[in-house]
Amino acid sequence: MLYMKNLIFFLLICCSFTAVAQNDNFNKFSLETSFGLSYPIAPTSFSSPIFEGVGASDFAGPKHFDIGARYMVSELYGFKLSYAYDRFQYDGSNLATNFYRLGLEAVFNVSELFNIRFNRRGTFQIQLHGGLGGTFATSKSRTGIDRIGNIILGVRPMFKLTRGLALTTDLSYIVNFKQHYDYAGRSFSSTTPEGLVGGYANFSVGLNFNLGDRRVHADFY
């Protein structure tokens with residue numbers, strides 16, 4: 001997790017240097033949380049023949065949760081630090097894995113990036129986000145922890161409800177590097193000790209809480 005510590009340190013330095021120079025007519029900080037669906041996509045194979053006919057999609061379910069904090073350097077871009085939990089389980093059995101992920105991402109406002117106004121009142125916004133993460137995965141049927149590196153890519157539409165509150169939806173894809181457990185919680189170590197490249201999608205709905213005493217946040221400035 002050393003690279004995560006370095007990225008967080010770099011983010012703090014960037015924020016300290018840019019905070020004074022940027023426009024102070026809008027709020028920059030926000031907190032966010034969402035719940036939704038976890039849908040495994042790869043790997044599709046399993047480490048035991050007892051899973052014949054069972055695919056990765058059989059482990060999908062509404063078992064995703066995330067929480068995060070975001071700082072917008074300007075109306076165009078910012079950074080966010082987030083924690084996410086995903087559970088993959090087959091038909092209520094003990095064939096299951098839990099994924100605990102910490103991520104650091106860059107965030108871009110699409111309307112500012114492409115000079116687009118989605119509606120006249122400016123209450124609708126789309127954000128693109130992407131970055132790096134680290135995951136600890138545990139199996140319900142085995143002991144031990146699988147340590148996985150991630151790339152995170154996503155798109156998040158936002159609808160402003162009040163001055164300090166926005167409704168969000170999010171579609172993200174998470175790439176897993178050196179994944180050693182399949183989604184049933186069985187290890188690949190006997191056949192692929194170096195691990196496999198995997199991935200899963202999240203679809204979630206949540207709320208974004210804007211912080212600050214200004215009348216508008218950078219998201220809708």
# chains A, B, ... in the order shown; residues from 1 in each chain; ligands from 1

$ select_by_dssp --residues "chain A" --states "alpha helix (DSSP H)" --output "list in words"
Leu2, Tyr3, Met4, Lys5, Asn6, Leu7, Ile8, Phe9, Phe10, Leu11, Leu12, Ile13, Cys14, Cys15, Ser16, Phe17, Thr18, Val110, Ser111, Glu112, Leu113 and Phe114 of chain A

$ closest_atom_pairs --of "stretch 68-112 of chain A" --to "stretch 172-195 of chain A" --cutoff "7 Å" --atoms "only C-alpha atoms" --output "CSV"
residue,atom,partner,partner_atom,distance
A:Phe88,CA,A:Tyr183,CA,6.0
A:Gln89,CA,A:Ala184,CA,6.8
A:Leu95,CA,A:Ala184,CA,4.4
A:Ala96,CA,A:Ala184,CA,4.8
A:Thr97,CA,A:Gly185,CA,5.1

$ select_by_dssp --residues "stretch 50-81 of chain A" --states "strand (DSSP E or B)" --output "JSON, numbers by chain"
{"A": [61, 62, 63, 64, 65, 66, 67, 68, 69, 70, 71, 72, 77, 78, 79, 80, 81]}

$ residues_around --residues "stretch 134-142 of chain A" --least-positions-apart "6" --cutoff "6 Å" --atoms "only C-alpha atoms" --output "PDB file with N, CA and C atoms, in the first residue's frame"
ATOM      1  N   ASN A  94     -21.884 -20.512   1.311  1.00  0.00           N
ATOM      2  CA  ASN A  94     -20.622 -20.024   1.850  1.00  0.00           C
ATOM      3  C   ASN A  94     -19.579 -19.804   0.759  1.00  0.00           C
ATOM      4  N   ALA A  96     -18.310 -17.340  -1.202  1.00  0.00           N
ATOM      5  CA  ALA A  96     -18.421 -15.877  -1.192  1.00  0.00           C
ATOM      6  C   ALA A  96     -17.070 -15.240  -0.908  1.00  0.00           C
ATOM      7  N   THR A  97     -16.919 -14.011  -1.402  1.00  0.00           N
ATOM      8  CA  THR A  97     -15.752 -13.189  -1.110  1.00  0.00           C
ATOM      9  C   THR A  97     -16.202 -11.782  -0.749  1.00  0.00           C
ATOM     10  N   ASN A  98     -15.416 -11.138   0.102  1.00  0.00           N
ATOM     11  CA  ASN A  98     -15.626  -9.739   0.464  1.00  0.00           C
ATOM     12  C   ASN A  98     -14.443  -8.925  -0.039  1.00  0.00           C
ATOM     13  N   PHE A  99     -14.751  -7.809  -0.727  1.00  0.00           N
ATOM     14  CA  PHE A  99     -13.717  -6.921  -1.247  1.00  0.00           C
ATOM     15  C   PHE A  99     -13.802  -5.586  -0.504  1.00  0.00           C
ATOM     16  N   TYR A 100     -12.681  -5.183   0.104  1.00  0.00           N
ATOM     17  CA  TYR A 100     -12.581  -3.906   0.808  1.00  0.00           C
ATOM     18  C   TYR A 100     -11.572  -3.047   0.044  1.00  0.00           C
ATOM     19  N   ARG A 101     -12.027  -1.934  -0.517  1.00  0.00           N
ATOM     20  CA  ARG A 101     -11.180  -1.161  -1.434  1.00  0.00           C
ATOM     21  C   ARG A 101     -11.019   0.290  -0.978  1.00  0.00           C
ATOM     22  N   LEU A 102      -9.787   0.780  -1.056  1.00  0.00           N
ATOM     23  CA  LEU A 102      -9.482   2.192  -0.838  1.00  0.00           C
ATOM     24  C   LEU A 102      -8.972   2.760  -2.152  1.00  0.00           C
ATOM     25  N   ILE A 148      -4.840  -6.875  -3.645  1.00  0.00           N
ATOM     26  CA  ILE A 148      -5.053  -6.638  -5.071  1.00  0.00           C
ATOM     27  C   ILE A 148      -4.874  -5.156  -5.383  1.00  0.00           C
ATOM     28  N   GLY A 149      -4.178  -4.854  -6.463  1.00  0.00           N
ATOM     29  CA  GLY A 149      -4.105  -3.491  -6.973  1.00  0.00           C
ATOM     30  C   GLY A 149      -5.228  -3.238  -7.969  1.00  0.00           C
ATOM     31  N   ASN A 150      -5.695  -1.991  -8.049  1.00  0.00           N
ATOM     32  CA  ASN A 150      -6.858  -1.669  -8.888  1.00  0.00           C
ATOM     33  C   ASN A 150      -6.619  -0.450  -9.771  1.00  0.00           C
ATOM     34  N   GLY A 185     -14.443 -17.560  -3.656  1.00  0.00           N
ATOM     35  CA  GLY A 185     -13.534 -17.582  -2.527  1.00  0.00           C
ATOM     36  C   GLY A 185     -12.510 -18.689  -2.588  1.00  0.00           C
TER      37      GLY A 185
END

$ atom_distance --atom1 "atom CA of A:Glu75" --atom2 "atom CA of A:Phe108"
8.5 Å

$ closest_residue --among "A:Ser111, A:Asn208, A:Ser34, A:Thr143" --to "A:Met158" --atoms "only C-alpha atoms"
A:Asn208

$ atom_distance --atom1 "atom CA of A:Arg156" --atom2 "atom CA of A:Gln125"
8.4 Å

$ atom_distance --atom1 "atom CA of A:Phe124" --atom2 "atom CA of A:Tyr200"
27.2 Å

$ residues_around --residues "A:Glu32" --least-positions-apart "2" --cutoff "10 Å" --atoms "only C-alpha atoms" --output "list in words"
Ser30, Ser34, Asp66, Ile67, Gly68, Ala69, Arg70, Lys80, Ser82, Leu165, Ala166, Leu167, Thr168, Gly206, Leu207, Asn208, Phe209 and Asn210 of chain A

$ write_last_selection --atoms "C-alpha atoms" --output "CSV table (one decimal), in the first residue's frame"
chain,number,residue,atom,x,y,z
A,30,SER,CA,-18.2,17.4,-0.4
A,34,SER,CA,-24.0,5.3,-2.3
A,66,ASP,CA,-19.1,3.2,-0.7
A,67,ILE,CA,-18.3,6.4,1.1
A,68,GLY,CA,-15.9,9.2,0.1
A,69,ALA,CA,-14.6,12.7,0.4
A,70,ARG,CA,-14.0,15.0,-2.6
A,80,LYS,CA,-11.6,12.2,-4.2
A,82,SER,CA,-13.1,6.7,-1.2
A,165,LEU,CA,-27.5,18.1,-1.6
A,166,ALA,CA,-27.3,16.2,-4.9
A,167,LEU,CA,-28.7,12.9,-6.0
A,168,THR,CA,-26.1,10.7,-7.8
A,206,GLY,CA,-26.5,7.8,-3.6
A,207,LEU,CA,-26.3,11.3,-2.1
A,208,ASN,CA,-23.6,14.0,-2.3
A,209,PHE,CA,-23.4,16.4,0.6
A,210,ASN,CA,-21.7,19.8,-0.2

$ residues_around --residues "A:Ser38" --least-positions-apart "2" --cutoff "9 Å" --atoms "only C-alpha atoms" --output "PyMOL selection string"
chain A and resi 36+40+59-64+86-88+200-204

$ write_last_selection --atoms "C-alpha atoms" --output "PDB file, in the first residue's frame"
ATOM      1  CA  GLY A  36     -25.830  -0.533  -5.324  1.00  0.00           C
ATOM      2  CA  PRO A  40     -18.329  -9.625 -11.465  1.00  0.00           C
ATOM      3  CA  PHE A  59     -22.240 -14.044  -7.859  1.00  0.00           C
ATOM      4  CA  ALA A  60     -23.747 -10.630  -8.669  1.00  0.00           C
ATOM      5  CA  GLY A  61     -26.021  -8.889  -6.201  1.00  0.00           C
ATOM      6  CA  PRO A  62     -27.040  -5.622  -4.538  1.00  0.00           C
ATOM      7  CA  LYS A  63     -24.168  -5.719  -2.067  1.00  0.00           C
ATOM      8  CA  HIS A  64     -22.097  -2.638  -2.811  1.00  0.00           C
ATOM      9  CA  ASP A  86     -18.388  -5.349  -2.333  1.00  0.00           C
ATOM     10  CA  ARG A  87     -19.661  -8.829  -1.492  1.00  0.00           C
ATOM     11  CA  PHE A  88     -19.882 -11.599  -4.082  1.00  0.00           C
ATOM     12  CA  TYR A 200     -16.157  -6.145 -11.888  1.00  0.00           C
ATOM     13  CA  ALA A 201     -18.697  -3.383 -12.335  1.00  0.00           C
ATOM     14  CA  ASN A 202     -20.571  -1.288  -9.787  1.00  0.00           C
ATOM     15  CA  PHE A 203     -23.875   0.453 -10.364  1.00  0.00           C
ATOM     16  CA  SER A 204     -24.960   2.587  -7.437  1.00  0.00           C
TER      17      SER A 204
END

$ closest_residue --among "A:Ile116, A:Leu128, A:Val205, A:Val73" --to "A:Phe159" --atoms "only C-alpha atoms"
A:Val205
